[in-house]
Each structure stands twice: as structure tokens, then as C-alpha cells.
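Asks: Hey, dropping protein.cif in here, mmCIF, C-alpha atoms:
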```cif
data_data
#
loop_
_atom_site.group_PDB
_atom_site.id
_atom_site.type_symbol
_atom_site.label_atom_id
_atom_site.label_comp_id
_atom_site.auth_asym_id
_atom_site.auth_seq_id
_atom_site.Cartn_x
_atom_site.Cartn_y
_atom_site.Cartn_z
ATOM 1 C CA MET A 1 300.540 -26.682 101.565
ATOM 2 C CA HIS A 2 304.184 -26.358 100.636
ATOM 3 C CA PRO A 3 306.233 -27.806 103.555
ATOM 4 C CA ALA A 4 308.822 -25.091 104.200
ATOM 5 C CA LEU A 5 311.766 -26.652 106.021
ATOM 6 C CA SER A 6 312.162 -23.609 108.263
ATOM 7 C CA ILE A 7 308.709 -24.211 109.756
ATOM 8 C CA VAL A 8 309.310 -27.967 109.992
ATOM 9 C CA PHE A 9 312.540 -27.365 111.900
ATOM 10 C CA PHE A 10 310.839 -24.711 114.031
ATOM 11 C CA THR A 11 307.984 -26.928 115.186
ATOM 12 C CA THR A 12 310.307 -29.899 115.743
ATOM 13 C CA LEU A 13 313.026 -28.090 117.705
ATOM 14 C CA SER A 14 310.796 -25.764 119.675
ATOM 15 C CA GLY A 15 308.409 -28.613 120.445
ATOM 16 C CA ALA A 16 311.262 -30.687 121.861
ATOM 17 C CA GLY A 17 312.568 -27.691 123.812
ATOM 18 C CA TYR A 18 309.210 -26.824 125.327
ATOM 19 C CA GLY A 19 308.567 -30.484 126.106
ATOM 20 C CA LEU A 20 311.885 -30.654 127.928
ATOM 21 C CA LEU A 21 311.031 -27.452 129.819
ATOM 22 C CA THR A 22 307.670 -28.958 130.765
ATOM 23 C CA TRP A 23 309.112 -32.116 132.292
ATOM 24 C CA LEU A 24 311.964 -30.165 133.868
ATOM 25 C CA GLY A 25 309.530 -27.741 135.494
ATOM 26 C CA ILE A 26 307.556 -30.653 136.946
ATOM 27 C CA SER A 27 310.748 -32.275 138.215
ATOM 28 C CA VAL A 28 311.994 -29.054 139.796
ATOM 29 C CA PHE A 29 308.652 -28.417 141.486
ATOM 30 C CA LEU A 30 308.357 -31.925 142.930
ATOM 31 C CA LEU A 31 311.942 -32.051 144.193
ATOM 32 C CA GLN A 32 311.955 -28.563 145.685
ATOM 33 C CA SER A 33 308.607 -29.225 147.353
ATOM 34 C CA ARG A 34 310.172 -32.199 149.121
ATOM 35 C CA GLY A 35 313.475 -30.508 149.853
ATOM 36 C CA SER A 36 316.642 -29.501 148.037
ATOM 37 C CA ALA A 37 317.790 -31.806 145.246
ATOM 38 C CA ALA A 38 321.135 -33.600 145.423
ATOM 39 C CA ALA A 39 324.071 -31.938 143.676
ATOM 40 C CA PRO A 40 324.231 -34.373 140.674
ATOM 41 C CA LEU A 41 320.493 -33.997 140.094
ATOM 42 C CA ALA A 42 320.679 -30.199 140.312
ATOM 43 C CA SER A 43 323.552 -30.268 137.800
ATOM 44 C CA MET A 44 321.473 -32.388 135.433
ATOM 45 C CA GLN A 45 318.516 -30.032 135.770
ATOM 46 C CA LEU A 46 320.709 -27.041 135.003
ATOM 47 C CA LEU A 47 322.056 -28.707 131.868
ATOM 48 C CA ALA A 48 318.519 -29.677 130.819
ATOM 49 C CA ALA A 49 317.355 -26.075 131.235
ATOM 50 C CA ILE A 50 320.207 -24.763 129.094
ATOM 51 C CA ILE A 51 319.610 -27.328 126.333
ATOM 52 C CA ALA A 52 315.877 -26.632 126.358
ATOM 53 C CA LEU A 53 316.437 -22.897 126.018
ATOM 54 C CA VAL A 54 318.883 -23.480 123.167
ATOM 55 C CA LEU A 55 316.354 -25.669 121.327
ATOM 56 C CA VAL A 56 313.543 -23.173 121.863
ATOM 57 C CA THR A 57 315.687 -20.271 120.684
ATOM 58 C CA ALA A 58 316.912 -22.213 117.642
ATOM 59 C CA GLY A 59 313.326 -23.065 116.762
ATOM 60 C CA LEU A 60 312.207 -19.447 117.031
ATOM 61 C CA LEU A 61 315.089 -18.335 114.817
ATOM 62 C CA CYS A 62 314.013 -20.920 112.238
ATOM 63 C CA SER A 63 310.512 -19.454 112.295
ATOM 64 C CA LEU A 64 311.917 -15.991 111.633
ATOM 65 C CA ALA A 65 313.717 -17.351 108.582
ATOM 66 C CA HIS A 66 310.311 -18.183 107.079
ATOM 67 C CA LEU A 67 309.146 -14.575 107.208
ATOM 68 C CA GLY A 68 309.435 -12.330 104.187
ATOM 69 C CA GLN A 69 310.643 -9.438 106.352
ATOM 70 C CA PRO A 70 312.165 -10.962 109.541
ATOM 71 C CA GLN A 71 313.179 -7.530 110.842
ATOM 72 C CA ARG A 72 309.491 -6.634 111.154
ATOM 73 C CA ALA A 73 308.542 -9.715 113.182
ATOM 74 C CA TRP A 74 308.139 -7.613 116.329
ATOM 75 C CA ARG A 75 305.042 -6.000 114.814
ATOM 76 C CA ALA A 76 303.180 -9.305 114.996
ATOM 77 C CA LEU A 77 303.293 -9.172 118.790
ATOM 78 C CA SER A 78 300.817 -6.287 118.861
ATOM 79 C CA GLN A 79 297.945 -8.381 117.443
ATOM 80 C CA TRP A 80 297.620 -10.786 120.377
ATOM 81 C CA ARG A 81 293.904 -10.025 120.800
ATOM 82 C CA THR A 82 292.977 -11.645 117.501
ATOM 83 C CA SER A 83 295.984 -13.558 116.131
ATOM 84 C CA TRP A 84 297.232 -16.911 117.358
ATOM 85 C CA LEU A 85 300.565 -16.174 115.703
ATOM 86 C CA SER A 86 300.876 -13.081 117.853
ATOM 87 C CA ARG A 87 299.798 -14.987 120.966
ATOM 88 C CA GLU A 88 302.421 -17.616 120.245
ATOM 89 C CA GLY A 89 305.114 -14.936 120.007
ATOM 90 C CA VAL A 90 303.992 -13.284 123.218
ATOM 91 C CA MET A 91 303.827 -16.603 125.079
ATOM 92 C CA ALA A 92 307.226 -17.656 123.741
ATOM 93 C CA LEU A 93 308.804 -14.455 125.073
ATOM 94 C CA LEU A 94 306.976 -14.656 128.409
ATOM 95 C CA THR A 95 308.096 -18.269 128.871
ATOM 96 C CA TYR A 96 311.692 -17.077 128.918
ATOM 97 C CA ILE A 97 311.017 -15.235 132.205
ATOM 98 C CA PRO A 98 310.270 -18.248 134.463
ATOM 99 C CA ALA A 99 312.586 -20.507 132.435
ATOM 100 C CA LEU A 100 315.567 -18.173 132.805
ATOM 101 C CA THR A 101 314.680 -17.589 136.453
ATOM 102 C CA MET A 102 314.650 -21.333 137.050
ATOM 103 C CA THR A 103 317.973 -21.698 135.211
ATOM 104 C CA ILE A 104 319.644 -18.946 137.258
ATOM 105 C CA LEU A 105 318.366 -20.392 140.543
ATOM 106 C CA LEU A 106 319.610 -23.855 139.574
ATOM 107 C CA TRP A 107 323.000 -22.342 138.733
ATOM 108 C CA ARG A 108 323.247 -20.418 142.022
ATOM 109 C CA GLY A 109 321.950 -23.325 144.094
ATOM 110 C CA VAL A 110 319.212 -23.463 146.703
ATOM 111 C CA ARG A 111 320.431 -21.695 149.840
ATOM 112 C CA SER A 112 317.252 -21.247 151.853
ATOM 113 C CA ALA A 113 313.645 -22.331 152.148
ATOM 114 C CA ASP A 114 312.577 -19.137 150.411
ATOM 115 C CA SER A 115 314.780 -19.766 147.394
ATOM 116 C CA ALA A 116 313.504 -23.367 147.227
ATOM 117 C CA ALA A 117 309.911 -22.121 147.197
ATOM 118 C CA PHE A 118 310.764 -19.543 144.539
ATOM 119 C CA LEU A 119 312.442 -22.237 142.432
ATOM 120 C CA ALA A 120 309.403 -24.502 142.783
ATOM 121 C CA LEU A 121 307.159 -21.640 141.652
ATOM 122 C CA ALA A 122 309.411 -20.961 138.665
ATOM 123 C CA GLY A 123 309.175 -24.652 137.757
ATOM 124 C CA VAL A 124 305.373 -24.610 137.807
ATOM 125 C CA LEU A 125 305.178 -21.429 135.734
ATOM 126 C CA THR A 126 307.691 -22.808 133.239
ATOM 127 C CA THR A 127 305.644 -25.974 132.773
ATOM 128 C CA VAL A 128 302.352 -24.155 132.307
ATOM 129 C CA MET A 129 303.723 -21.510 129.953
ATOM 130 C CA ALA A 130 305.737 -23.995 127.879
ATOM 131 C CA MET A 131 302.635 -26.083 127.195
ATOM 132 C CA ALA A 132 300.610 -22.934 126.530
ATOM 133 C CA THR A 133 303.164 -21.857 123.922
ATOM 134 C CA VAL A 134 302.968 -25.228 122.155
ATOM 135 C CA ALA A 135 299.162 -24.982 122.207
ATOM 136 C CA CYS A 136 299.346 -21.501 120.667
ATOM 137 C CA THR A 137 301.633 -22.837 117.940
ATOM 138 C CA ALA A 138 299.121 -25.568 117.143
ATOM 139 C CA MET A 139 296.239 -23.083 117.178
ATOM 140 C CA ILE A 140 297.933 -21.026 114.461
ATOM 141 C CA TYR A 141 297.080 -23.888 112.114
ATOM 142 C CA ALA A 142 293.921 -25.154 113.824
ATOM 143 C CA SER A 143 292.313 -21.722 113.425
ATOM 144 C CA LEU A 144 292.666 -21.644 109.622
ATOM 145 C CA LYS A 145 289.257 -22.431 108.129
ATOM 146 C CA PRO A 146 290.451 -22.678 104.485
ATOM 147 C CA ILE A 147 292.556 -25.739 105.376
ATOM 148 C CA PRO A 148 290.112 -28.427 106.622
ATOM 149 C CA ALA A 149 292.803 -30.889 107.727
ATOM 150 C CA TRP A 150 294.146 -28.341 110.203
ATOM 151 C CA ARG A 151 290.727 -27.596 111.651
ATOM 152 C CA HIS A 152 290.557 -31.081 113.177
ATOM 153 C CA PRO A 153 290.196 -31.080 116.998
ATOM 154 C CA LEU A 154 293.173 -33.436 117.374
ATOM 155 C CA VAL A 155 295.692 -30.972 115.920
ATOM 156 C CA VAL A 156 296.386 -29.365 119.301
ATOM 157 C CA PRO A 157 296.572 -32.683 121.249
ATOM 158 C CA VAL A 158 298.980 -34.114 118.661
ATOM 159 C CA TYR A 159 301.288 -31.111 119.019
ATOM 160 C CA LEU A 160 301.198 -31.397 122.810
ATOM 161 C CA VAL A 161 301.789 -35.146 123.043
ATOM 162 C CA LEU A 162 304.644 -35.115 120.515
ATOM 163 C CA SER A 163 306.248 -32.247 122.419
ATOM 164 C CA LEU A 164 305.979 -34.216 125.661
ATOM 165 C CA LEU A 165 307.350 -37.338 123.958
ATOM 166 C CA SER A 166 310.449 -35.662 122.523
ATOM 167 C CA GLY A 167 311.018 -33.688 125.730
ATOM 168 C CA ALA A 168 310.811 -36.819 127.888
ATOM 169 C CA ALA A 169 313.291 -38.643 125.653
ATOM 170 C CA LEU A 170 315.807 -35.795 125.951
ATOM 171 C CA LEU A 171 315.376 -35.604 129.724
ATOM 172 C CA PHE A 172 315.957 -39.350 130.122
ATOM 173 C CA VAL A 173 319.124 -39.136 128.018
ATOM 174 C CA LEU A 174 320.431 -36.352 130.279
ATOM 175 C CA MET A 175 319.573 -38.420 133.355
ATOM 176 C CA LEU A 176 321.490 -41.313 131.846
ATOM 177 C CA TRP A 177 324.481 -39.103 131.188
ATOM 178 C CA LYS A 178 324.678 -37.010 134.347
ATOM 179 C CA LEU A 179 323.349 -39.112 137.212
ATOM 180 C CA PRO A 180 325.381 -41.769 139.044
ATOM 181 C CA GLY A 181 324.131 -45.309 138.631
ATOM 182 C CA ALA A 182 322.414 -44.216 135.432
ATOM 183 C CA THR A 183 321.268 -47.706 134.508
ATOM 184 C CA GLY A 184 318.448 -47.037 136.989
ATOM 185 C CA VAL A 185 316.929 -44.922 134.219
ATOM 186 C CA ALA A 186 315.551 -48.212 132.864
ATOM 187 C CA THR A 187 312.890 -48.038 135.595
ATOM 188 C CA VAL A 188 311.305 -44.940 134.010
ATOM 189 C CA LEU A 189 311.387 -46.208 130.427
ATOM 190 C CA PRO A 190 307.779 -47.551 130.552
ATOM 191 C CA SER A 191 306.558 -43.965 130.746
ATOM 192 C CA LEU A 192 308.366 -43.154 127.478
ATOM 193 C CA SER A 193 306.747 -46.155 125.793
ATOM 194 C CA LEU A 194 303.344 -45.109 127.129
ATOM 195 C CA ILE A 195 303.672 -41.585 125.708
ATOM 196 C CA ALA A 196 304.824 -43.046 122.373
ATOM 197 C CA VAL A 197 301.745 -45.291 122.251
ATOM 198 C CA VAL A 198 299.444 -42.345 123.024
ATOM 199 C CA ALA A 199 301.172 -40.281 120.304
ATOM 200 C CA ALA A 200 300.798 -43.068 117.738
ATOM 201 C CA LEU A 201 297.122 -43.657 118.544
ATOM 202 C CA THR A 202 296.317 -39.952 118.470
ATOM 203 C CA LYS A 203 298.058 -39.468 115.154
ATOM 204 C CA PHE A 204 296.414 -42.599 113.715
ATOM 205 C CA ILE A 205 292.957 -41.270 114.572
ATOM 206 C CA TYR A 206 293.839 -37.869 113.110
ATOM 207 C CA TRP A 207 295.094 -39.323 109.824
ATOM 208 C CA ARG A 208 292.102 -41.650 109.553
ATOM 209 C CA GLU A 209 289.668 -38.791 110.098
ATOM 210 C CA ILE A 210 291.219 -36.389 107.586
ATOM 211 C CA ASP A 211 291.351 -39.176 104.985
ATOM 212 C CA ARG A 212 287.613 -39.736 105.378
ATOM 213 C CA ALA A 213 286.587 -36.079 105.448
ATOM 214 C CA PRO A 214 285.986 -34.518 102.011
ATOM 215 C CA LEU A 215 286.796 -30.905 101.196
ATOM 216 C CA PRO A 216 283.947 -28.561 102.224
ATOM 217 C CA ALA A 217 283.560 -27.327 98.628
ATOM 218 C CA ASP A 218 284.099 -28.521 95.074
ATOM 219 C CA ARG A 219 285.633 -27.026 91.937
ATOM 220 C CA ALA A 220 282.306 -25.738 90.699
ATOM 221 C CA ALA A 221 281.763 -23.725 93.855
ATOM 222 C CA ALA A 222 285.331 -22.408 93.640
ATOM 223 C CA VAL A 223 284.649 -20.764 90.284
ATOM 224 C CA GLY A 224 281.195 -19.522 91.227
ATOM 225 C CA LEU A 225 279.115 -22.230 89.528
ATOM 226 C CA PRO A 226 277.753 -24.359 92.387
ATOM 227 C CA GLY A 227 275.838 -27.453 91.421
ATOM 228 C CA ARG A 228 277.450 -27.758 87.988
ATOM 229 C CA THR A 229 280.195 -29.927 86.578
ATOM 230 C CA VAL A 230 283.399 -27.981 86.009
ATOM 231 C CA GLN A 231 286.556 -29.303 84.380
ATOM 232 C CA THR A 232 289.811 -27.410 83.907
ATOM 233 C CA PHE A 233 291.487 -27.393 80.515
ATOM 234 C CA GLU A 234 294.021 -24.640 81.180
ATOM 235 C CA ALA A 235 295.821 -23.333 84.248
ATOM 236 C CA PRO A 236 294.603 -19.952 85.541
ATOM 237 C CA HIS A 237 298.166 -18.603 85.395
ATOM 238 C CA THR A 238 300.887 -18.905 82.793
ATOM 239 C CA GLU A 239 303.624 -19.125 85.419
ATOM 240 C CA ALA A 240 304.004 -19.951 89.088
ATOM 241 C CA ASN A 241 303.033 -17.364 91.680
ATOM 242 C CA TYR A 242 302.859 -17.185 95.478
ATOM 243 C CA ILE A 243 299.602 -19.127 95.644
ATOM 244 C CA THR A 244 300.808 -21.964 93.446
ATOM 245 C CA ARG A 245 304.108 -22.152 95.329
ATOM 246 C CA GLU A 246 302.721 -22.009 98.875
ATOM 247 C CA MET A 247 299.084 -23.117 98.745
ATOM 248 C CA VAL A 248 298.978 -25.703 95.948
ATOM 249 C CA PHE A 249 301.172 -28.671 96.773
ATOM 250 C CA GLN A 250 300.410 -32.316 96.078
ATOM 251 C CA ILE A 251 302.040 -35.440 97.403
ATOM 252 C CA ALA A 252 301.430 -38.865 95.886
ATOM 253 C CA ARG A 253 299.124 -41.061 97.972
ATOM 254 C CA ASP A 254 301.584 -43.976 97.912
ATOM 255 C CA ARG A 255 304.428 -41.750 99.048
ATOM 256 C CA ALA A 256 302.283 -40.238 101.791
ATOM 257 C CA SER A 257 301.400 -43.713 103.061
ATOM 258 C CA GLN A 258 305.047 -44.718 103.114
ATOM 259 C CA LEU A 259 306.030 -41.555 104.988
ATOM 260 C CA ARG A 260 303.248 -42.113 107.505
ATOM 261 C CA LEU A 261 304.574 -45.596 108.228
ATOM 262 C CA LEU A 262 308.063 -44.140 108.523
ATOM 263 C CA ALA A 263 306.826 -41.544 111.013
ATOM 264 C CA TYR A 264 305.040 -44.211 113.076
ATOM 265 C CA GLY A 265 308.147 -46.348 113.100
ATOM 266 C CA LEU A 266 310.499 -43.533 114.070
ATOM 267 C CA PHE A 267 308.556 -41.762 116.826
ATOM 268 C CA ALA A 268 306.761 -44.833 118.218
ATOM 269 C CA GLY A 269 307.844 -48.235 116.893
ATOM 270 C CA VAL A 270 311.619 -47.970 117.235
ATOM 271 C CA PRO A 271 311.532 -46.169 120.630
ATOM 272 C CA ILE A 272 309.119 -48.747 122.066
ATOM 273 C CA LEU A 273 311.329 -51.633 120.933
ATOM 274 C CA LEU A 274 314.440 -49.927 122.294
ATOM 275 C CA THR A 275 312.823 -49.161 125.643
ATOM 276 C CA LEU A 276 311.647 -52.758 125.956
ATOM 277 C CA LEU A 277 315.210 -53.860 125.263
ATOM 278 C CA GLY A 278 316.462 -51.408 127.875
ATOM 279 C CA MET A 279 314.042 -52.762 130.470
ATOM 280 C CA ALA A 280 315.010 -56.348 129.686
ATOM 281 C CA ALA A 281 318.746 -55.594 129.796
ATOM 282 C CA PRO A 282 319.313 -52.438 131.915
ATOM 283 C CA SER A 283 322.985 -52.245 130.955
ATOM 284 C CA SER A 284 322.014 -51.718 127.296
ATOM 285 C CA VAL A 285 320.134 -48.510 128.110
ATOM 286 C CA VAL A 286 323.384 -46.598 127.594
ATOM 287 C CA PHE A 287 323.008 -47.264 123.866
ATOM 288 C CA THR A 288 319.274 -47.799 123.389
ATOM 289 C CA LEU A 289 318.009 -44.624 125.056
ATOM 290 C CA PRO A 290 320.056 -42.134 122.981
ATOM 291 C CA LEU A 291 319.034 -44.029 119.834
ATOM 292 C CA ALA A 292 315.399 -43.815 120.922
ATOM 293 C CA ALA A 293 315.705 -40.047 121.427
ATOM 294 C CA VAL A 294 317.236 -39.555 117.973
ATOM 295 C CA SER A 295 314.546 -41.757 116.429
ATOM 296 C CA ILE A 296 311.769 -39.762 118.113
ATOM 297 C CA LEU A 297 313.128 -36.432 116.861
ATOM 298 C CA ALA A 298 313.455 -37.837 113.341
ATOM 299 C CA GLY A 299 309.922 -39.221 113.503
ATOM 300 C CA VAL A 300 308.503 -35.892 114.664
ATOM 301 C CA PHE A 301 310.340 -34.187 111.786
ATOM 302 C CA VAL A 302 308.719 -36.553 109.250
ATOM 303 C CA GLU A 303 305.310 -36.113 110.894
ATOM 304 C CA ARG A 304 305.660 -32.324 110.765
ATOM 305 C CA TRP A 305 306.624 -32.441 107.067
ATOM 306 C CA LEU A 306 303.540 -34.525 106.337
ATOM 307 C CA PHE A 307 301.373 -32.200 108.414
ATOM 308 C CA PHE A 308 302.118 -29.425 105.956
ATOM 309 C CA ALA A 309 302.476 -31.476 102.766
ATOM 310 C CA GLU A 310 299.123 -33.259 103.122
ATOM 311 C CA ALA A 311 297.108 -30.163 104.037
ATOM 312 C CA LYS A 312 294.906 -29.049 101.142
ATOM 313 C CA HIS A 313 293.992 -25.381 100.908
ATOM 314 C CA VAL A 314 290.542 -24.912 99.359
ATOM 315 C CA VAL A 315 292.076 -22.475 96.867
ATOM 316 C CA ALA A 316 293.656 -25.535 95.242
ATOM 317 C CA LEU A 317 290.212 -26.336 93.809
ATOM 318 C CA TYR A 318 290.535 -23.335 91.537
ATOM 319 C CA TYR A 319 294.002 -24.320 90.371
#
```
Give the structure from this file in C-alpha cells form.

Replies:
Amino acid sequence: MHPALSIVFFTTLSGAGYGLLTWLGISVFLLQSRGSAAAPLASMQLLAAIIALVLVTAGLLCSLAHLGQPQRAWRALSQWRTSWLSREGVMALLTYIPALTMTILLWRGVRSADSAAFLALAGVLTTVMAMATVACTAMIYASLKPIPAWRHPLVVPVYLVLSLLSGAALLFVLMLWKLPGATGVATVLPSLSLIAVVAALTKFIYWREIDRAPLPADRAAAVGLPGRTVQTFEAPHTEANYITREMVFQIARDRASQLRLLAYGLFAGVPILLTLLGMAAPSSVVFTLPLAAVSILAGVFVERWLFFAEAKHVVALYY
């Protein structure tokens, strides 16, 4: 498939935003269940909510840029019974309700036990709906039978774990910036390394499996001559069209391997090394943690580009 940058940016930014909303919702729920959070922590949570909403909104706007007629995007929402794209749009809009509610309550401050309970509920709903939206995004691709690489059962888990990884990195950077005695953030860095390891292992298994799995059909079947040997001597079209631009895209195997290693290094290798350095020297976390967050976002961007570039549509057999 042709890797449109608008979709790559969309899945990267929105994934990070929803991951940040997920961890923020968990944090809000746990703290409000135990009692009101301290003022610096509440301020950090408010900033995290705003940044998450900005990332999610920016990602959704990028997705609209990929549409041929963006002004008609609202029509897709009506097909939620059968379309994962429609379900994603509906879930994305519904997620704004608890997320904005949580943001407003954090801004106003907790003034009673009732408002604390309401804030905790908003946090839970935000977490659940943010992850559901990411899952719907992944299912848009996992539901497409003509693209075997996207039908793999690990597509949805990869989307979820990379969203959680990038969201956790952003949350830790905000904790480092806003909370007093921020070098204590080094105590939570092992969790970031653990998520990075899970992401790398999951993606490794996915890439290994799609490399081993052949296409479900061959060129002979594509032209209606199953069981025969078919060779092309002339392209079916004299000039490029929508199918050749969007569905038929090839990336050199050597380049794909290099980009895979780059993705591993950026979203897993570099962050793990930086977090280990931060744990060994807590004072260095001021520099290592922001670098780790930037590296993770860059790695997810490369992984997303490969996700589209390496996917082979069965129509490519005909071309």
C-alpha cells in the first residue's frame, strides 16, 4: 500500500494522545479514589489532558486530509453497524465527552466528595473509550481481507501497546516537568522499559509471521487461470491510475530491513538505554527522559510508515 503521510501522522499522533488519555484516566481514578490529589499533581494532570486532546484532535484532522471530500466525512458516522471506520469516528467523538469532562473538573478543582467521585468516573470512562478508539482504528485495517498482512491477529495488540508506550513516555515527561522533586520520576522508568520490550517483542513476532506467510493467491488466479503459469509482458494500463498509486507499492527488501531495525532502535532500543541511564544516575533523567519520548514517537512514525508500505494488496498480483 502507498504510505500516505496524513495517515501515518494520524495514527502516530492520535495513538500518542489516546495513550496519554489512557494513563491519565487511570491516574485520575486511582488518586481520586484515595482522596483529592495535591495541587502540583492536579496541575500536571490538567496539562496532560490538554496536550492529549490537542494530539488527538491534530491526528483526526490529519485523517480528514486523507479523504477525497473531507467536507463529507460526517456521512461515514452513519455506517457504524458495519464499518470499523465509522465506529472509529463515533468512538473518537464519544471519547471527547468524558475527556473534556475530566479536563473541566481538573481545571475547576475537586471541591467535594461527589465531585471527586464524578472525576474518578470520568477517568475510568476516558481510559476505556480511549483504548476502544485505538482498537477501532486498528480494526479498520485488520478487517480488510484483500491485505493479508493486516489480517494478522497481532495488528490490534501492536496498535494498543505502541499507544500505551508513547502515552506513558509523554506522561513521564510531564511529571518530570511539573512535579517538585522530579528526579523521583526515575523510580517509574522500569515500567517504560517494560512496555518498550513488550512492544518490540510483539512487533518482532508480527513481522516474522507476515514474512513467512505467502499471499493467499497467485498471479494465475488473479487473471482467472488458476493452476497455470502466468507471466506479464505488458502492464494492464498505459498510465498510472488510482489502483497503481494507492494499492501497488513496493519497497526494497534491504530497505525494509533497515527501516525495521531503525524502528526497533527508536521505539525500544534507545528508550531502554536512556531509562537505564536515568535509573543509574537519577539526576540525568532531566535530559534522558525527554530524549526517550522523542525517540519513541519517531520510532512509532517509522513503524507506521512500514505498516502501510509493506502491506501487499492482492490486486498487485494482476499488476

Asks: Near A:Leu165, counting all atoms listed in the file, which residues have an atom at most 7 Å away, once you skip same-chain residues fewer than 5 positions from it, shown as an NGL selection string?

Replies: :A and (192 or 195-196)

Asks: What lies within 12 Å of A:Leu93 using all atoms listed in the file, ignoring chain neighbours under 2 positions off, as an MDAnalysis selection string?

Replies: chainID A and resid 53 56:57 60 74 77 86:91 95:100 126 129:130 132:133

Asks: Where does the PyMOL selection byres ((chain A and resi 13) around 12) land in this file, that is, which residues does it pick, as a compact mmCIF listing (two decimals) with C-alpha atoms, keeping the file's coordinate frame?

Replies:
```txt
# COMPACT_ATOMS: atom_id res chain seq x y z
CA LEU A 5 311.77 -26.65 106.02
CA SER A 6 312.16 -23.61 108.26
CA ILE A 7 308.71 -24.21 109.76
CA VAL A 8 309.31 -27.97 109.99
CA PHE A 9 312.54 -27.36 111.90
CA PHE A 10 310.84 -24.71 114.03
CA THR A 11 307.98 -26.93 115.19
CA THR A 12 310.31 -29.90 115.74
CA SER A 14 310.80 -25.76 119.68
CA GLY A 15 308.41 -28.61 120.44
CA ALA A 16 311.26 -30.69 121.86
CA GLY A 17 312.57 -27.69 123.81
CA TYR A 18 309.21 -26.82 125.33
CA GLY A 19 308.57 -30.48 126.11
CA LEU A 20 311.88 -30.65 127.93
CA ILE A 51 319.61 -27.33 126.33
CA ALA A 52 315.88 -26.63 126.36
CA LEU A 53 316.44 -22.90 126.02
CA VAL A 54 318.88 -23.48 123.17
CA LEU A 55 316.35 -25.67 121.33
CA VAL A 56 313.54 -23.17 121.86
CA THR A 57 315.69 -20.27 120.68
CA ALA A 58 316.91 -22.21 117.64
CA GLY A 59 313.33 -23.06 116.76
CA LEU A 60 312.21 -19.45 117.03
CA LEU A 61 315.09 -18.34 114.82
CA CYS A 62 314.01 -20.92 112.24
CA SER A 63 310.51 -19.45 112.30
CA VAL A 134 302.97 -25.23 122.16
CA LEU A 162 304.64 -35.12 120.52
CA SER A 163 306.25 -32.25 122.42
CA SER A 166 310.45 -35.66 122.52
CA GLY A 167 311.02 -33.69 125.73
CA LEU A 170 315.81 -35.80 125.95
CA ILE A 296 311.77 -39.76 118.11
CA LEU A 297 313.13 -36.43 116.86
CA ALA A 298 313.46 -37.84 113.34
CA VAL A 300 308.50 -35.89 114.66
CA PHE A 301 310.34 -34.19 111.79
CA ARG A 304 305.66 -32.32 110.76
```

Asks: Output the residue selection produced by the PyMOL selection byres ((chain A and resi 210) around 12) on the file above, formatted as number ranges by chain.

Replies: A: 147-155, 203-209, 211-216, 307, 310-312

Asks: Which residues are near A:Glu303? Cut-off 9 Å, all atoms listed in the file, ignore same chain within fewer than 6 positions. Put them as a list in words.

Replies: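 So, after excluding close chain neighbours, the residues are Leu259, Arg260, Leu262, Ala263, Tyr264 and Phe267 of chain A.
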
Asks: Applying 9 Å and only C-alpha atoms, which residues near A:Met175 remain after dropping the ones on its own chain fewer than 6 positions away? List them as number ranges by chain.

Replies: A: 41, 44-45, 182, 185

Asks: Nearest to A:Ala135: which of A:Val161, A:Val302, A:Ala65, A:Leu46 is it, counting all atoms listed in the file?

Replies: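 Result for the nearest residue to A:Ala135: A:Val161.
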
Asks: Padding of 8 Å on every side, edges along x, y and z, all listed atoms of stretch 41-58 of chain A included: what centre and edge lengths in Å, to one decimal, does that box have, as JSON?

Replies:
```
{"center_x": 318.5, "center_y": -27.1, "center_z": 129.0, "size_x": 26.0, "size_y": 29.7, "size_z": 38.7}
```

Asks: What does the distance between atom CA of A:Trp305 and atom CA of A:Leu144 come to in Å, to one decimal place?

Replies: 17.8 Å

Asks: Just to confirm, what's the straight-line distance from atom CA of A:Tyr159 to atom CA of A:Ala309 in Å (one decimal)?

Replies: 16.3 Å

Asks: Nearest to A:Lys178 among A:Leu31, A:Leu194, A:Ala48, A:Phe308, with distances taken over all atoms listed in the file: which residue is it?

Replies: A:Ala48
